[in-house]
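run_4.pdb follows; it contains PDB, C-alpha atoms, pLDDT in the B column.
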ATOM      1  CA  MET T   1     149.802 105.053  95.106  1.00 95.00           C
ATOM      2  CA  LYS T   2     146.307 106.425  95.619  1.00 96.00           C
ATOM      3  CA  GLY T   3     145.344 103.394  97.685  1.00 97.00           C
ATOM      4  CA  VAL T   4     148.360 103.849  99.942  1.00 97.00           C
ATOM      5  CA  ILE T   5     147.652 107.558 100.413  1.00 97.00           C
ATOM      6  CA  LEU T   6     143.980 106.977 101.241  1.00 97.00           C
ATOM      7  CA  GLY T   7     144.891 104.122 103.573  1.00 97.00           C
ATOM      8  CA  ILE T   8     146.962 106.547 105.655  1.00 97.00           C
ATOM      9  CA  ASN T   9     144.735 109.613 105.315  1.00 97.00           C
ATOM     10  CA  PRO T  10     141.215 108.823 104.017  1.00 97.00           C
ATOM     11  CA  ARG T  11     140.262 112.513 104.171  1.00 96.00           C
ATOM     12  CA  VAL T  12     142.847 113.690 101.656  1.00 96.00           C
ATOM     13  CA  GLN T  13     141.823 114.976  98.221  1.00 96.00           C
ATOM     14  CA  ILE T  14     143.875 113.552  95.336  1.00 97.00           C
ATOM     15  CA  VAL T  15     144.133 115.415  92.019  1.00 96.00           C
ATOM     16  CA  ASP T  16     145.969 114.050  88.981  1.00 94.00           C
ATOM     17  CA  ILE T  17     148.073 116.463  86.933  1.00 92.00           C
ATOM     18  CA  THR T  18     148.945 113.966  84.187  1.00 89.00           C
ATOM     19  CA  HIS T  19     149.794 110.342  83.496  1.00 86.00           C
ATOM     20  CA  ASP T  20     150.911 111.093  79.926  1.00 83.00           C
ATOM     21  CA  ILE T  21     154.615 111.684  80.585  1.00 86.00           C
ATOM     22  CA  PRO T  22     156.714 109.482  78.264  1.00 84.00           C
ATOM     23  CA  ALA T  23     158.258 106.633  80.226  1.00 86.00           C
ATOM     24  CA  GLY T  24     161.411 107.748  82.022  1.00 88.00           C
ATOM     25  CA  ASN T  25     161.352 111.291  80.614  1.00 90.00           C
ATOM     26  CA  ILE T  26     162.419 113.330  83.642  1.00 92.00           C
ATOM     27  CA  ARG T  27     162.556 116.622  81.744  1.00 90.00           C
ATOM     28  CA  ALA T  28     158.969 116.240  80.498  1.00 90.00           C
ATOM     29  CA  GLY T  29     157.767 115.489  84.012  1.00 92.00           C
ATOM     30  CA  ALA T  30     159.630 118.502  85.361  1.00 94.00           C
ATOM     31  CA  PHE T  31     158.029 120.759  82.754  1.00 92.00           C
ATOM     32  CA  ALA T  32     154.512 119.460  83.439  1.00 92.00           C
ATOM     33  CA  LEU T  33     154.907 120.066  87.160  1.00 95.00           C
ATOM     34  CA  ALA T  34     156.373 123.537  86.654  1.00 93.00           C
ATOM     35  CA  ALA T  35     153.555 124.519  84.289  1.00 91.00           C
ATOM     36  CA  SER T  36     150.769 123.459  86.653  1.00 93.00           C
ATOM     37  CA  HIS T  37     151.774 123.512  90.315  1.00 95.00           C
ATOM     38  CA  ARG T  38     151.151 127.209  90.949  1.00 94.00           C
ATOM     39  CA  PHE T  39     147.428 126.878  90.108  1.00 95.00           C
ATOM     40  CA  PHE T  40     146.824 124.664  93.152  1.00 97.00           C
ATOM     41  CA  PRO T  41     145.830 125.942  96.590  1.00 96.00           C
ATOM     42  CA  VAL T  42     148.467 126.973  99.099  1.00 96.00           C
ATOM     43  CA  ARG T  43     149.687 124.009 101.195  1.00 96.00           C
ATOM     44  CA  THR T  44     149.117 121.532  98.372  1.00 97.00           C
ATOM     45  CA  ILE T  45     151.503 118.575  98.482  1.00 98.00           C
ATOM     46  CA  HIS T  46     152.841 117.806  95.001  1.00 98.00           C
ATOM     47  CA  ILE T  47     154.142 114.296  94.249  1.00 97.00           C
ATOM     48  CA  ALA T  48     156.102 113.879  91.015  1.00 95.00           C
ATOM     49  CA  VAL T  49     157.361 110.399  90.201  1.00 94.00           C
ATOM     50  CA  VAL T  50     159.336 110.004  86.991  1.00 92.00           C
ATOM     51  CA  ASP T  51     161.972 107.706  88.366  1.00 90.00           C
ATOM     52  CA  PRO T  52     164.176 105.671  86.017  1.00 90.00           C
ATOM     53  CA  GLY T  53     166.729 105.436  88.853  1.00 87.00           C
ATOM     54  CA  VAL T  54     164.323 103.644  91.208  1.00 88.00           C
ATOM     55  CA  GLY T  55     166.203 101.257  93.487  1.00 81.00           C
ATOM     56  CA  SER T  56     169.535 103.043  92.985  1.00 86.00           C
ATOM     57  CA  GLN T  57     171.397 105.364  95.347  1.00 84.00           C
ATOM     58  CA  ARG T  58     169.357 108.449  94.406  1.00 88.00           C
ATOM     59  CA  LYS T  59     167.595 109.838  97.479  1.00 91.00           C
ATOM     60  CA  PRO T  60     163.903 110.481  98.124  1.00 94.00           C
ATOM     61  CA  LEU T  61     163.395 114.221  98.505  1.00 95.00           C
ATOM     62  CA  VAL T  62     160.879 116.462 100.223  1.00 97.00           C
ATOM     63  CA  VAL T  63     161.040 120.224  99.768  1.00 97.00           C
ATOM     64  CA  GLN T  64     159.032 122.842 101.627  1.00 97.00           C
ATOM     65  CA  THR T  65     158.541 126.150  99.855  1.00 97.00           C
ATOM     66  CA  GLU T  66     156.695 129.279 100.858  1.00 96.00           C
ATOM     67  CA  HIS T  67     153.432 127.880  99.460  1.00 96.00           C
ATOM     68  CA  TYR T  68     153.767 124.124  98.844  1.00 97.00           C
ATOM     69  CA  LEU T  69     155.415 120.822  99.667  1.00 98.00           C
ATOM     70  CA  PHE T  70     157.093 118.799  96.921  1.00 98.00           C
ATOM     71  CA  VAL T  71     157.831 115.072  97.122  1.00 97.00           C
ATOM     72  CA  GLY T  72     159.800 113.036  94.610  1.00 96.00           C
ATOM     73  CA  PRO T  73     163.115 111.478  93.658  1.00 95.00           C
ATOM     74  CA  ASP T  74     166.202 113.681  93.721  1.00 95.00           C
ATOM     75  CA  ASN T  75     166.791 113.401  89.975  1.00 95.00           C
ATOM     76  CA  GLY T  76     165.729 116.858  88.795  1.00 95.00           C
ATOM     77  CA  VAL T  77     162.017 116.184  88.286  1.00 96.00           C
ATOM     78  CA  LEU T  78     161.157 118.787  90.949  1.00 96.00           C
ATOM     79  CA  SER T  79     163.735 121.352  89.874  1.00 95.00           C
ATOM     80  CA  TYR T  80     161.817 123.355  87.254  1.00 94.00           C
ATOM     81  CA  ALA T  81     158.950 123.953  89.680  1.00 95.00           C
ATOM     82  CA  LEU T  82     161.314 124.757  92.544  1.00 95.00           C
ATOM     83  CA  ALA T  83     163.057 127.365  90.397  1.00 91.00           C
ATOM     84  CA  ARG T  84     159.891 129.477  90.709  1.00 86.00           C
ATOM     85  CA  GLU T  85     159.460 128.935  94.444  1.00 94.00           C
ATOM     86  CA  LYS T  86     160.942 130.425  97.584  1.00 95.00           C
ATOM     87  CA  ILE T  87     162.527 127.388  99.231  1.00 96.00           C
ATOM     88  CA  LYS T  88     162.333 127.110 103.023  1.00 96.00           C
ATOM     89  CA  ALA T  89     163.654 123.579 103.679  1.00 96.00           C
ATOM     90  CA  VAL T  90     165.084 120.617 101.756  1.00 96.00           C
ATOM     91  CA  HIS T  91     165.321 117.162 103.319  1.00 96.00           C
ATOM     92  CA  GLN T  92     166.561 113.829 102.046  1.00 94.00           C
ATOM     93  CA  VAL T  93     164.181 111.242 103.445  1.00 92.00           C
ATOM     94  CA  THR T  94     165.997 108.689 105.580  1.00 91.00           C
ATOM     95  CA  ASN T  95     163.392 107.823 108.225  1.00 92.00           C
ATOM     96  CA  GLU T  96     162.091 104.520 106.906  1.00 90.00           C
ATOM     97  CA  ARG T  97     159.313 104.270 109.467  1.00 92.00           C
ATOM     98  CA  PHE T  98     157.285 106.469 107.118  1.00 93.00           C
ATOM     99  CA  PHE T  99     157.713 103.996 104.220  1.00 94.00           C
ATOM    100  CA  LEU T 100     155.350 101.184 103.241  1.00 93.00           C
ATOM    101  CA  ARG T 101     156.873  97.868 104.224  1.00 92.00           C
ATOM    102  CA  PRO T 102     158.371  95.945 102.576  1.00 92.00           C
ATOM    103  CA  VAL T 103     159.879  98.504 100.180  1.00 91.00           C
ATOM    104  CA  SER T 104     160.182  97.159  96.649  1.00 91.00           C
ATOM    105  CA  HIS T 105     163.167  97.941  94.445  1.00 90.00           C
ATOM    106  CA  THR T 106     160.967  98.936  91.494  1.00 91.00           C
ATOM    107  CA  PHE T 107     157.969 100.924  92.807  1.00 94.00           C
ATOM    108  CA  HIS T 108     159.049 103.686  95.163  1.00 94.00           C
ATOM    109  CA  GLY T 109     156.064 105.745  94.045  1.00 94.00           C
ATOM    110  CA  ARG T 110     153.867 103.343  95.983  1.00 95.00           C
ATOM    111  CA  ASP T 111     156.217 102.363  98.812  1.00 95.00           C
ATOM    112  CA  VAL T 112     158.142 105.578  99.532  1.00 95.00           C
ATOM    113  CA  PHE T 113     156.706 108.733  97.960  1.00 96.00           C
ATOM    114  CA  ALA T 114     152.987 108.048  98.446  1.00 96.00           C
ATOM    115  CA  PRO T 115     153.259 107.264 102.183  1.00 96.00           C
ATOM    116  CA  MET T 116     155.610 110.221 102.692  1.00 96.00           C
ATOM    117  CA  ALA T 117     153.054 112.570 101.163  1.00 96.00           C
ATOM    118  CA  ALA T 118     150.201 111.016 103.121  1.00 97.00           C
ATOM    119  CA  HIS T 119     152.017 111.457 106.434  1.00 97.00           C
ATOM    120  CA  LEU T 120     152.829 115.068 105.516  1.00 97.00           C
ATOM    121  CA  SER T 121     149.132 115.641 104.831  1.00 97.00           C
ATOM    122  CA  LYS T 122     148.398 114.485 108.389  1.00 96.00           C
ATOM    123  CA  GLY T 123     150.740 117.108 109.798  1.00 95.00           C
ATOM    124  CA  VAL T 124     154.018 115.232 110.199  1.00 95.00           C
ATOM    125  CA  PRO T 125     156.755 117.924 110.144  1.00 95.00           C
ATOM    126  CA  ILE T 126     159.234 117.740 107.292  1.00 95.00           C
ATOM    127  CA  ARG T 127     162.119 117.553 109.784  1.00 94.00           C
ATOM    128  CA  LYS T 128     160.923 114.142 111.013  1.00 95.00           C
ATOM    129  CA  LEU T 129     161.282 112.591 107.561  1.00 94.00           C
ATOM    130  CA  GLY T 130     165.034 112.827 107.301  1.00 93.00           C
ATOM    131  CA  THR T 131     168.197 114.854 107.237  1.00 94.00           C
ATOM    132  CA  VAL T 132     168.665 118.388 105.936  1.00 95.00           C
ATOM    133  CA  ALA T 133     170.058 118.467 102.378  1.00 93.00           C
ATOM    134  CA  SER T 134     172.391 121.214 101.218  1.00 87.00           C
ATOM    135  CA  ASP T 135     171.102 121.081  97.636  1.00 90.00           C
ATOM    136  CA  PHE T 136     169.246 118.948  95.111  1.00 94.00           C
ATOM    137  CA  VAL T 137     169.648 117.889  91.485  1.00 94.00           C
ATOM    138  CA  ARG T 138     168.770 120.681  89.076  1.00 94.00           C
ATOM    139  CA  LEU T 139     168.076 120.114  85.396  1.00 92.00           C
ATOM    140  CA  ASP T 140     169.565 122.638  82.997  1.00 88.00           C
ATOM    141  CA  TRP T 141     167.012 125.070  81.586  1.00 85.00           C
ATOM    142  CA  PRO T 142     168.056 125.882  78.023  1.00 85.00           C
ATOM    143  CA  GLN T 143     167.989 129.619  77.476  1.00 88.00           C
ATOM    144  CA  PRO T 144     166.810 131.051  74.124  1.00 89.00           C
ATOM    145  CA  GLN T 145     169.348 133.014  72.107  1.00 91.00           C
ATOM    146  CA  PHE T 146     168.646 136.466  70.653  1.00 87.00           C
ATOM    147  CA  ASP T 147     170.074 138.654  67.948  1.00 85.00           C
ATOM    148  CA  GLN T 148     168.799 141.658  65.974  1.00 80.00           C
ATOM    149  CA  TYR T 149     166.700 139.552  63.636  1.00 84.00           C
ATOM    150  CA  ALA T 150     165.703 136.363  65.424  1.00 88.00           C
ATOM    151  CA  THR T 151     165.038 134.464  68.635  1.00 90.00           C
ATOM    152  CA  ARG T 152     166.292 130.873  68.680  1.00 93.00           C
ATOM    153  CA  GLY T 153     165.071 128.279  71.142  1.00 93.00           C
ATOM    154  CA  GLU T 154     164.160 124.626  71.337  1.00 93.00           C
ATOM    155  CA  ILE T 155     161.273 122.300  72.092  1.00 93.00           C
ATOM    156  CA  LEU T 156     160.974 121.422  75.774  1.00 90.00           C
ATOM    157  CA  TYR T 157     157.784 119.390  75.870  1.00 91.00           C
ATOM    158  CA  ILE T 158     155.243 117.768  73.566  1.00 92.00           C
ATOM    159  CA  ASP T 159     151.751 117.437  75.002  1.00 91.00           C
ATOM    160  CA  ARG T 160     149.195 114.730  74.257  1.00 88.00           C
ATOM    161  CA  PHE T 161     147.698 116.785  71.426  1.00 92.00           C
ATOM    162  CA  GLY T 162     151.043 116.915  69.636  1.00 93.00           C
ATOM    163  CA  ASN T 163     151.612 120.594  70.433  1.00 95.00           C
ATOM    164  CA  ALA T 164     155.342 121.318  70.758  1.00 95.00           C
ATOM    165  CA  ILE T 165     156.045 123.741  73.610  1.00 94.00           C
ATOM    166  CA  THR T 166     159.271 125.723  73.361  1.00 94.00           C
ATOM    167  CA  ASN T 167     161.507 127.606  75.796  1.00 92.00           C
ATOM    168  CA  ILE T 168     160.668 130.922  74.068  1.00 92.00           C
ATOM    169  CA  ASP T 169     158.527 132.751  76.593  1.00 89.00           C
ATOM    170  CA  HIS T 170     155.994 135.471  75.913  1.00 85.00           C
ATOM    171  CA  SER T 171     158.339 138.277  76.866  1.00 83.00           C
ATOM    172  CA  ALA T 172     160.835 137.139  74.219  1.00 82.00           C
ATOM    173  CA  LEU T 173     158.161 137.525  71.552  1.00 79.00           C
ATOM    174  CA  THR T 174     157.803 141.228  72.325  1.00 79.00           C
ATOM    175  CA  ARG T 175     161.266 141.899  70.884  1.00 78.00           C
ATOM    176  CA  PHE T 176     159.877 141.820  67.344  1.00 76.00           C
ATOM    177  CA  ASP T 177     156.889 142.942  65.315  1.00 78.00           C
ATOM    178  CA  LEU T 178     155.091 139.587  65.162  1.00 76.00           C
ATOM    179  CA  ALA T 179     153.136 140.679  62.081  1.00 78.00           C
ATOM    180  CA  ARG T 180     156.467 140.609  60.198  1.00 81.00           C
ATOM    181  CA  CYS T 181     157.790 137.385  61.722  1.00 83.00           C
ATOM    182  CA  GLU T 182     157.654 133.721  60.852  1.00 89.00           C
ATOM    183  CA  VAL T 183     158.349 130.623  62.929  1.00 91.00           C
ATOM    184  CA  VAL T 184     160.604 127.804  61.757  1.00 92.00           C
ATOM    185  CA  ALA T 185     160.732 124.456  63.545  1.00 92.00           C
ATOM    186  CA  LYS T 186     163.435 121.969  62.564  1.00 88.00           C
ATOM    187  CA  ARG T 187     163.844 123.717  59.177  1.00 86.00           C
ATOM    188  CA  ASN T 188     160.080 123.533  58.559  1.00 88.00           C
ATOM    189  CA  ARG T 189     158.285 126.836  58.043  1.00 89.00           C
ATOM    190  CA  VAL T 190     155.373 126.857  60.488  1.00 91.00           C
ATOM    191  CA  GLY T 191     154.049 130.318  59.649  1.00 85.00           C
ATOM    192  CA  ARG T 192     153.261 133.353  61.740  1.00 86.00           C
ATOM    193  CA  VAL T 193     152.454 133.762  65.406  1.00 88.00           C
ATOM    194  CA  CYS T 194     148.701 133.953  66.015  1.00 88.00           C
ATOM    195  CA  SER T 195     146.612 134.419  69.141  1.00 88.00           C
ATOM    196  CA  PHE T 196     144.696 131.127  68.971  1.00 91.00           C
ATOM    197  CA  TYR T 197     144.649 127.769  67.169  1.00 92.00           C
ATOM    198  CA  GLN T 198     141.697 128.465  64.858  1.00 92.00           C
ATOM    199  CA  ALA T 199     143.325 131.574  63.436  1.00 89.00           C
ATOM    200  CA  VAL T 200     144.363 129.213  60.613  1.00 92.00           C
ATOM    201  CA  PRO T 201     142.226 126.696  58.676  1.00 93.00           C
ATOM    202  CA  ALA T 202     141.841 123.150  59.989  1.00 94.00           C
ATOM    203  CA  GLY T 203     144.920 121.069  59.335  1.00 94.00           C
ATOM    204  CA  LYS T 204     147.221 124.084  58.968  1.00 94.00           C
ATOM    205  CA  PRO T 205     150.171 124.829  61.264  1.00 94.00           C
ATOM    206  CA  VAL T 206     150.306 127.797  63.584  1.00 93.00           C
ATOM    207  CA  ALA T 207     152.464 129.153  66.412  1.00 93.00           C
ATOM    208  CA  VAL T 208     150.645 130.499  69.465  1.00 93.00           C
ATOM    209  CA  PRO T 209     151.614 131.970  72.845  1.00 90.00           C
ATOM    210  CA  GLY T 210     150.436 129.002  74.917  1.00 88.00           C
ATOM    211  CA  SER T 211     148.818 128.779  78.337  1.00 89.00           C
ATOM    212  CA  SER T 212     152.088 127.535  79.856  1.00 87.00           C
ATOM    213  CA  GLY T 213     153.669 130.922  79.142  1.00 88.00           C
ATOM    214  CA  PHE T 214     155.734 129.716  76.192  1.00 92.00           C
ATOM    215  CA  LEU T 215     155.443 129.668  72.408  1.00 93.00           C
ATOM    216  CA  GLU T 216     153.772 126.512  71.051  1.00 94.00           C
ATOM    217  CA  ILE T 217     154.006 124.935  67.611  1.00 95.00           C
ATOM    218  CA  ALA T 218     150.588 123.510  66.753  1.00 95.00           C
ATOM    219  CA  VAL T 219     148.372 122.258  63.954  1.00 95.00           C
ATOM    220  CA  ASN T 220     144.710 123.289  64.075  1.00 94.00           C
ATOM    221  CA  GLY T 221     142.887 120.036  64.766  1.00 94.00           C
ATOM    222  CA  GLY T 222     146.012 117.940  64.326  1.00 94.00           C
ATOM    223  CA  SER T 223     149.415 117.056  65.739  1.00 96.00           C
ATOM    224  CA  ALA T 224     152.382 119.303  64.992  1.00 95.00           C
ATOM    225  CA  ALA T 225     154.727 116.659  66.396  1.00 94.00           C
ATOM    226  CA  ARG T 226     153.475 114.134  63.834  1.00 95.00           C
ATOM    227  CA  VAL T 227     153.224 116.519  60.876  1.00 94.00           C
ATOM    228  CA  PHE T 228     156.733 117.947  61.341  1.00 94.00           C
ATOM    229  CA  ARG T 229     158.269 114.897  63.092  1.00 94.00           C
ATOM    230  CA  LEU T 230     159.205 117.056  66.040  1.00 93.00           C
ATOM    231  CA  GLN T 231     161.006 115.854  69.146  1.00 90.00           C
ATOM    232  CA  VAL T 232     162.137 117.419  72.399  1.00 88.00           C
ATOM    233  CA  GLY T 233     165.372 119.304  71.723  1.00 88.00           C
ATOM    234  CA  ASP T 234     164.551 120.278  68.125  1.00 92.00           C
ATOM    235  CA  ARG T 235     165.438 123.870  67.278  1.00 94.00           C
ATOM    236  CA  VAL T 236     162.787 126.584  66.838  1.00 94.00           C
ATOM    237  CA  THR T 237     163.400 130.066  65.444  1.00 92.00           C
ATOM    238  CA  VAL T 238     161.222 133.179  65.393  1.00 91.00           C
ATOM    239  CA  ARG T 239     162.635 135.463  62.703  1.00 88.00           C
ATOM    240  CA  GLN T 240     161.710 138.402  60.550  1.00 77.00           C
ATOM    241  CA  ARG T 241     160.418 137.246  57.204  1.00 70.00           C
ATOM    242  CA  GLY T 242     162.965 137.205  54.414  1.00 58.00           C
ATOM    243  CA  LEU T 243     165.916 136.908  56.834  1.00 51.00           C
ATOM    244  CA  GLN T 244     167.942 133.814  57.750  1.00 49.00           C
TER     245      GLN T 244
END

This entry written out as structure tokens:
Amino acid sequence: MKGVILGINPRVQIVDITHDIPAGNIRAGAFALAASHRFFPVRTIHIAVVDPGVGSQRKPLVVQTEHYLFVGPDNGVLSYALAREKIKAVHQVTNERFFLRPVSHTFHGRDVFAPMAAHLSKGVPIRKLGTVASDFVRLDWPQPQFDQYATRGEILYIDRFGNAITNIDHSALTRFDLARCEVVAKRNRVGRVCSFYQAVPAGKPVAVPGSSGFLEIAVNGGSAARVFRLQVGDRVTVRQRGLQ
């Protein structure tokens, strides 16, 4: 993909967000893009390729927002990031003259998305890539549930350190006195919410408000995913101590 991009526009600067997304995990790719895209300069072109449907009828997509361009398959991988953006135009890419030829059935990242992005970086208008789309695939964003005594959410993403990132955002944590709360992940008591990883001894679990804006389950110097056998979708609860 990088070779194709540089072959079309040698002056472009390429920055990797991550290559650690589990194979075929669209939701993990969507979360990684949503957590990082807004830290890039205005007019950055973001390519996200987690594409288990490569070669099928799903369409290549390019979306122009107020600040960025997004390129990827129309399978939801762009949707978490786009939820935070003011969308100006959405196009399904049908103009094959911007593709690398011949187009393989198994590597559209190289043959479709990379050349699309490279041509955009050279100033090709989005309207020349294809037809206007009325909408795009949107992944469901699970909302945390609240009651008087607890906030209940789930794990959305596990990073390469084994930290389990939840859908419980920082504002949700302000509902309770955190000094009197404990965090439970998949029926395992993690402990209290602390400000940083080393607030607990090495090897001990901790919950922290992470840099992504959401509560993380972590182990100081270790992997919470391995210690607690956590997976995406597992339930997480922040509750007042002594209450169920």

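The interatomic distance for the pair atom CA of Thr44 of chain T and atom CA of Val71 of chain T works out to 10.9 Å.
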
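Here atom CA of Asn95 of chain T stands at a distance of 28.8 Å from atom CA of Ala32 of chain T.
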
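For Val200 of chain T, the non-local neighbours within 7 Å, defined as residues at least 4 positions apart in the same chain or in other chains and counting all atoms listed in the file, are Lys204, Val206 and Asn220 of chain T.
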
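Minimum atom-to-atom distance to Gly109 of chain T, evaluated using all atoms listed in the file, belongs to T:Val4 out of T:Ala185, T:Val4, T:Val193, T:Val12.
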
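Take the PyMOL selection byres ((chain T and resi 122) around 10) and apply it to this file: it picks Ile8, Asn9, Arg11, Val12, Ala117, Ala118, His119, Leu120, Ser121, Gly123, Val124 and Pro125 of chain T.
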
Can I get the selected residues back with C-alpha atoms, as a tab-separated table (two decimals), in the frame of the given file?
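Dumped to again_5.tsv:
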chain	number	residue	atom	x	y	z
T	8	ILE	CA	146.96	106.55	105.66
T	9	ASN	CA	144.74	109.61	105.32
T	11	ARG	CA	140.26	112.51	104.17
T	12	VAL	CA	142.85	113.69	101.66
T	117	ALA	CA	153.05	112.57	101.16
T	118	ALA	CA	150.20	111.02	103.12
T	119	HIS	CA	152.02	111.46	106.43
T	120	LEU	CA	152.83	115.07	105.52
T	121	SER	CA	149.13	115.64	104.83
T	123	GLY	CA	150.74	117.11	109.80
T	124	VAL	CA	154.02	115.23	110.20
T	125	PRO	CA	156.76	117.92	110.14

Task: Close residues, Arg110 of chain T itself excluded, 12 Å, all atoms listed in the file, min 3 positions apart in chain, as a ChimeraX atom specification - done: /T:1-7,47-49,51,54,72,99-107,113-118

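The nearest approach to Lys88 of chain T among the residues T:Leu230, T:Ile126, T:Ile217, T:Val183, with all atoms listed in the file taken into account, belongs to T:Ile126.
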
Open item on the list: I'd like to know which of T:Thr131, T:Gln145, T:His67, T:His91 is closest to Phe39 of chain T, using all atoms listed in the file.
Closed with: T:His67

Can you find the residues with an atom no farther than 12 Å from (151.8, 131.2, 82.6), counting all atoms listed in the file, and report them as a CSV table (one decimal) with C-alpha atoms, in the frame of the given file?
chain,number,residue,atom,x,y,z
T,34,ALA,CA,156.4,123.5,86.7
T,35,ALA,CA,153.6,124.5,84.3
T,36,SER,CA,150.8,123.5,86.7
T,37,HIS,CA,151.8,123.5,90.3
T,38,ARG,CA,151.2,127.2,90.9
T,39,PHE,CA,147.4,126.9,90.1
T,84,ARG,CA,159.9,129.5,90.7
T,169,ASP,CA,158.5,132.8,76.6
T,170,HIS,CA,156.0,135.5,75.9
T,171,SER,CA,158.3,138.3,76.9
T,209,PRO,CA,151.6,132.0,72.8
T,210,GLY,CA,150.4,129.0,74.9
T,211,SER,CA,148.8,128.8,78.3
T,212,SER,CA,152.1,127.5,79.9
T,213,GLY,CA,153.7,130.9,79.1
T,214,PHE,CA,155.7,129.7,76.2
T,215,LEU,CA,155.4,129.7,72.4

List every residue of segment 58-135 of chain T that has an atom at most 8 Å from any atom of segment 16-29 of chain T, giving for each one its closest atom pair and the distance in Å to one decimal, counting all atoms listed in the file, sorted by chain and then by ascending residue number, as a tab-separated table.
residue	atom	partner	partner_atom	distance
T:Asn75	CA	T:Ile26	CA	7.7
T:Gly76	CA	T:Ile26	CA	7.1
T:Val77	CA	T:Ile26	CA	5.5

- [ ] Give as a list in words the set of residues within 12 Å of the point (163.5, 135.9, 55.6), where distances use the file's coordinates and all atoms listed in the file.
- [x] Tyr149, Ala150, Arg180, Cys181, Glu182, Val183, Val184, Arg189, Gly191, Thr237, Val238, Arg239, Gln240, Arg241, Gly242, Leu243 and Gln244 of chain T

I need the residues from that last selection saved to file as a PDB file, in the frame of the given file (with C-alpha atoms), if you can.
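As written to disk, out38.pdb reads:
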ATOM      1  CA  TYR T 149     166.700 139.552  63.636  1.00 84.00           C
ATOM      2  CA  ALA T 150     165.703 136.363  65.424  1.00 88.00           C
ATOM      3  CA  ARG T 180     156.467 140.609  60.198  1.00 81.00           C
ATOM      4  CA  CYS T 181     157.790 137.385  61.722  1.00 83.00           C
ATOM      5  CA  GLU T 182     157.654 133.721  60.852  1.00 89.00           C
ATOM      6  CA  VAL T 183     158.349 130.623  62.929  1.00 91.00           C
ATOM      7  CA  VAL T 184     160.604 127.804  61.757  1.00 92.00           C
ATOM      8  CA  ARG T 189     158.285 126.836  58.043  1.00 89.00           C
ATOM      9  CA  GLY T 191     154.049 130.318  59.649  1.00 85.00           C
ATOM     10  CA  THR T 237     163.400 130.066  65.444  1.00 92.00           C
ATOM     11  CA  VAL T 238     161.222 133.179  65.393  1.00 91.00           C
ATOM     12  CA  ARG T 239     162.635 135.463  62.703  1.00 88.00           C
ATOM     13  CA  GLN T 240     161.710 138.402  60.550  1.00 77.00           C
ATOM     14  CA  ARG T 241     160.418 137.246  57.204  1.00 70.00           C
ATOM     15  CA  GLY T 242     162.965 137.205  54.414  1.00 58.00           C
ATOM     16  CA  LEU T 243     165.916 136.908  56.834  1.00 51.00           C
ATOM     17  CA  GLN T 244     167.942 133.814  57.750  1.00 49.00           C
TER      18      GLN T 244
END

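From atom CA of Lys128 of chain T back to atom CA of Gly55 of chain T, the distance works out to 22.4 Å.
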
Open item on the list: Assuming the chain letters and numbering stay as they are in my file, what does the PyMOL selection byres ((chain T and resi 225) around 10) actually select? List them as an MDAnalysis selection string.
Closed with: chainID T and resid 158:164 217:219 222:224 226:232

Residue subset to file, keeping C-alpha atoms, as a compact mmCIF listing (two decimals), in the frame of the given file:
# COMPACT_ATOMS: atom_id res chain seq x y z
CA ILE T 158 155.24 117.77 73.57
CA ASP T 159 151.75 117.44 75.00
CA ARG T 160 149.20 114.73 74.26
CA PHE T 161 147.70 116.78 71.43
CA GLY T 162 151.04 116.92 69.64
CA ASN T 163 151.61 120.59 70.43
CA ALA T 164 155.34 121.32 70.76
CA ILE T 217 154.01 124.94 67.61
CA ALA T 218 150.59 123.51 66.75
CA VAL T 219 148.37 122.26 63.95
CA GLY T 222 146.01 117.94 64.33
CA SER T 223 149.42 117.06 65.74
CA ALA T 224 152.38 119.30 64.99
CA ARG T 226 153.48 114.13 63.83
CA VAL T 227 153.22 116.52 60.88
CA PHE T 228 156.73 117.95 61.34
CA ARG T 229 158.27 114.90 63.09
CA LEU T 230 159.21 117.06 66.04
CA GLN T 231 161.01 115.85 69.15
CA VAL T 232 162.14 117.42 72.40

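Nearest-residue note for Ile155 of chain T: choosing from T:Val62, T:Ala133, T:Cys194, T:Val236, the minimum distance belongs to T:Val236, counting all atoms listed in the file.
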
- [ ] Just the residues within 10 Å of Ala83 of chain T, please, counting all atoms listed in the file, with nothing from its chain fewer than 5 positions along; format it as an MDAnalysis selection string.
- [x] chainID T and resid 34 78 138 141

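With distances restricted to all atoms listed in the file, T:Glu216 is the closest residue to Leu156 of chain T from T:Glu85, T:Asp74, T:Asp177, T:Glu216.
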
Open item on the list: I need the residue nearest Gly221 of chain T from this list: T:Phe196, T:Phe40, T:Phe98, T:Tyr80. Use all atoms listed in the file for the distance.
Closed with: T:Phe196

Padding 4 Å on each side, edges along x, y and z: where is the centre of the box around the listed atoms of segment 1-12 of chain T, and how long are its edges in Å to one decimal? Output it as AutoDock Vina command-line options.
--center_x 145.0 --center_y 108.5 --center_z 100.4 --size_x 17.5 --size_y 18.3 --size_z 18.5

Using the chain letters and residue numbers of this document, give as a CSV table (one decimal) with C-alpha atoms, keeping the file's coordinate frame the residues selected by the PyMOL selection byres ((chain T and resi 90) around 10).
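This went into result.csv:
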chain,number,residue,atom,x,y,z
T,61,LEU,CA,163.4,114.2,98.5
T,62,VAL,CA,160.9,116.5,100.2
T,63,VAL,CA,161.0,120.2,99.8
T,64,GLN,CA,159.0,122.8,101.6
T,65,THR,CA,158.5,126.2,99.9
T,69,LEU,CA,155.4,120.8,99.7
T,70,PHE,CA,157.1,118.8,96.9
T,87,ILE,CA,162.5,127.4,99.2
T,88,LYS,CA,162.3,127.1,103.0
T,89,ALA,CA,163.7,123.6,103.7
T,91,HIS,CA,165.3,117.2,103.3
T,92,GLN,CA,166.6,113.8,102.0
T,93,VAL,CA,164.2,111.2,103.4
T,126,ILE,CA,159.2,117.7,107.3
T,127,ARG,CA,162.1,117.6,109.8
T,130,GLY,CA,165.0,112.8,107.3
T,131,THR,CA,168.2,114.9,107.2
T,132,VAL,CA,168.7,118.4,105.9
T,133,ALA,CA,170.1,118.5,102.4
T,134,SER,CA,172.4,121.2,101.2
T,135,ASP,CA,171.1,121.1,97.6
T,136,PHE,CA,169.2,118.9,95.1
